[in-house]
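> Let me begin by handing over the structure; questions about it come next.
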Amino acid sequence: MTAPRARLLMAVLLLVTVVVAALVLPVPSALQMRAWAQSVGTTAPLLFLLGQTLVTLAPIPRTVFTLAAGLLFGPVLGIALSLTATTLSAVLAFGAVRRLGRDLVEPHLDRGLLRAVDARLRHRGWLAVVSLRLIPAVPFSVLNYCSAVSSIRFRHYLVGTVGVIPGSVAIVVLGDALTGTTSPALLAVSLGCATIGMIGLIVQARSVTVKPFMPSNP
């Protein structure tokens with residue numbers, strides 16, 4: 001079975017499992033889940049931070065964690081946890097691939113995609129990382145791997161990771177909104193961050209001078 005088919009099968013099985021669990025098991029409300037997280041004390045955010053950092057080292061979408069951060073911990077702590085875990089995961093993935101597994105990872109990356117990313121990173125450095133982080137279709141982990149096997153310097157890669165901020169803030173606030181306690185001001189902040197992300201995406205699309213970076217297997 002090819003990798004894309006295997007990922008599709010896993011996604012379908014996961015979706016079926018979630019649907020069945022939702023129908024069979026009692027599902028707590030958003031407020032109940034937040035109350036539980038608060039009752040655990042500092043253990044819950046620390047475990048969440050560790051879990052997101054480690055799990056997103058693999059090619060697993062981090063959106064679920066970002067949404068859960070707002071739902072469980074509110075906007076302020078949720079944003080702090082989400083951005084900290086995202087940064088740690090990006091740093092660890094970059095370091096592991098560049099120093100330990102570069103020869104192992106590179107053969108599994110799409111050659112055309114890798115050449116496009118490397119060309120963009122050489123020409124624009126950290127600005128390229130920022131712009132690619134703003135594009136929802138670019139998987140977080142795949143960009144980490146491609147950057148690690150490219151010629152970009154670590155400090156430029158790290159600075160460019162600020163591109164995750166608008167999208168992360170918007171999704172965390174959305175998660176907080178599920179509890180029904182979010183103020184209109186925070187919703188406005190979320191909308192503003194989403195708008196920044198869209199503007200960045202439009203600017204990036206108009207300024208591309210190399211082959212567009214789009215994953216062959218979304």
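Ordering of the structure tokens sets the chain letters (A, B, ...), residue numbers begin anew at 1 in every chain, and ligands are numbered from 1 in the order given.
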Just want the 9 Å neighbourhood of Val129 (chain A), counted on only C-alpha atoms, with same-chain residues fewer than 3 positions away dropped. Output as an mmCIF file with C-alpha atoms, in the first residue's frame.


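Output below, filename around13.cif:
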data_model
loop_
_atom_site.group_PDB
_atom_site.id
_atom_site.type_symbol
_atom_site.label_atom_id
_atom_site.label_comp_id
_atom_site.auth_asym_id
_atom_site.auth_seq_id
_atom_site.Cartn_x
_atom_site.Cartn_y
_atom_site.Cartn_z
ATOM 1 C CA ARG A 120 12.608 29.896 -2.221
ATOM 2 C CA LEU A 121 14.575 29.673 1.015
ATOM 3 C CA ARG A 124 14.235 34.985 0.510
ATOM 4 C CA GLY A 125 15.549 33.371 3.713
ATOM 5 C CA TRP A 126 13.417 33.907 6.793
ATOM 6 C CA LEU A 132 5.088 29.479 3.901
ATOM 7 C CA ARG A 133 3.938 29.295 7.529
ATOM 8 C CA LEU A 134 1.004 31.524 6.588
ATOM 9 C CA LEU A 143 8.029 22.431 6.054
ATOM 10 C CA SER A 147 13.870 23.368 5.759
ATOM 11 C CA HIS A 156 16.581 32.373 9.755
ATOM 12 C CA TYR A 157 14.355 29.324 10.030
ATOM 13 C CA LEU A 158 13.609 30.081 13.688
ATOM 14 C CA VAL A 159 12.787 33.735 13.030
ATOM 15 C CA GLY A 160 10.544 32.711 10.141
ATOM 16 C CA THR A 161 8.489 30.506 12.426
ATOM 17 C CA VAL A 162 6.727 33.674 13.653
ATOM 18 C CA GLY A 163 4.543 33.088 10.608
#

> Just list as number ranges by chain whatever in region 52-171 of chain A DSSP marks as helix (DSSP H, G or I).

A: 52-55, 63-99, 102-108, 111-124, 126-133, 140-149, 154-171

> Using Å and a single decimal, report how far CA of Thr17 (chain A) sits from CA of Leu174 (chain A).

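Going from CA of Leu174 (chain A) over to CA of Thr17 (chain A), I get 24.2 Å.
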
> Residues at most 12 Å from Thr84 (chain A), counting only C-alpha atoms, excluding those fewer than 2 positions away in the same chain, as a ChimeraX atom specification?

/A:45-46,48-53,66,69,77-82,86-91,161-162,164-165,168

> When you count only C-alpha atoms, which of these residues is closest to Phe94 (chain A): A:Thr63, A:Asn144, A:Ser131, A:Thr56?

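Looking only at the distances to Phe94 (chain A), the closest residue turns out to be A:Asn144.
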
> With a distance cut-off of 7 Å and only C-alpha atoms, select the neighbouring residues of Arg34 (chain A), excluding the residue or stretch itself and same-chain residues fewer than 5 positions from it, and output the selection as a short mmCIF file (atom, residue, chain, number, x, y, z; two decimals) with N, CA and C atoms, in the first residue's frame.


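File selection-v3.cif, as written:
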data_model
loop_
_atom_site.label_atom_id
_atom_site.label_comp_id
_atom_site.auth_asym_id
_atom_site.auth_seq_id
_atom_site.Cartn_x
_atom_site.Cartn_y
_atom_site.Cartn_z
N LEU A 71 -9.76 25.82 23.96
CA LEU A 71 -10.91 25.21 24.63
C LEU A 71 -10.60 24.88 26.08
N LEU A 72 -9.42 24.32 26.33
CA LEU A 72 -9.09 23.84 27.67
C LEU A 72 -8.52 24.93 28.58
N PHE A 73 -7.75 25.86 28.01
CA PHE A 73 -7.00 26.78 28.86
C PHE A 73 -7.33 28.26 28.67
#

> Excluding Gly175 (chain A) and its own-chain neighbours fewer than 2 positions away, which residues fall within 9 Å of it when counting only C-alpha atoms? Please give them as a list in words.

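The residues that qualify are Thr66, Leu67, Ala68, Ala69, Gly70, Leu71, Leu72, Gly74, Pro75, Ala170, Ile171, Val172, Val173, Ala177, Leu178 and Thr179 of chain A.
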
> Under the rule that only C-alpha atoms are counted, which of A:Val16, A:Val40, A:Val142, A:Ile135 is the nearest residue to Gly167 (chain A)?

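Closest to Gly167 (chain A), using only C-alpha atoms: A:Ile135.
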
> Counting only C-alpha atoms, which of A:Met33, A:Val138, A:Ile152, A:Ala85 gets nearest to Pro59 (chain A)?

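Between A:Met33, A:Val138, A:Ile152, A:Ala85, the residue approaching Pro59 (chain A) most closely is A:Val138.
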
> What gap, in Å, lies between CA of Ala44 (chain A) and CA of Gly95 (chain A)?

27.1 Å

> Figure out the distance between CA of Arg155 (chain A) and CA of Arg98 (chain A), please, to one decimal in Å.

13.6 Å
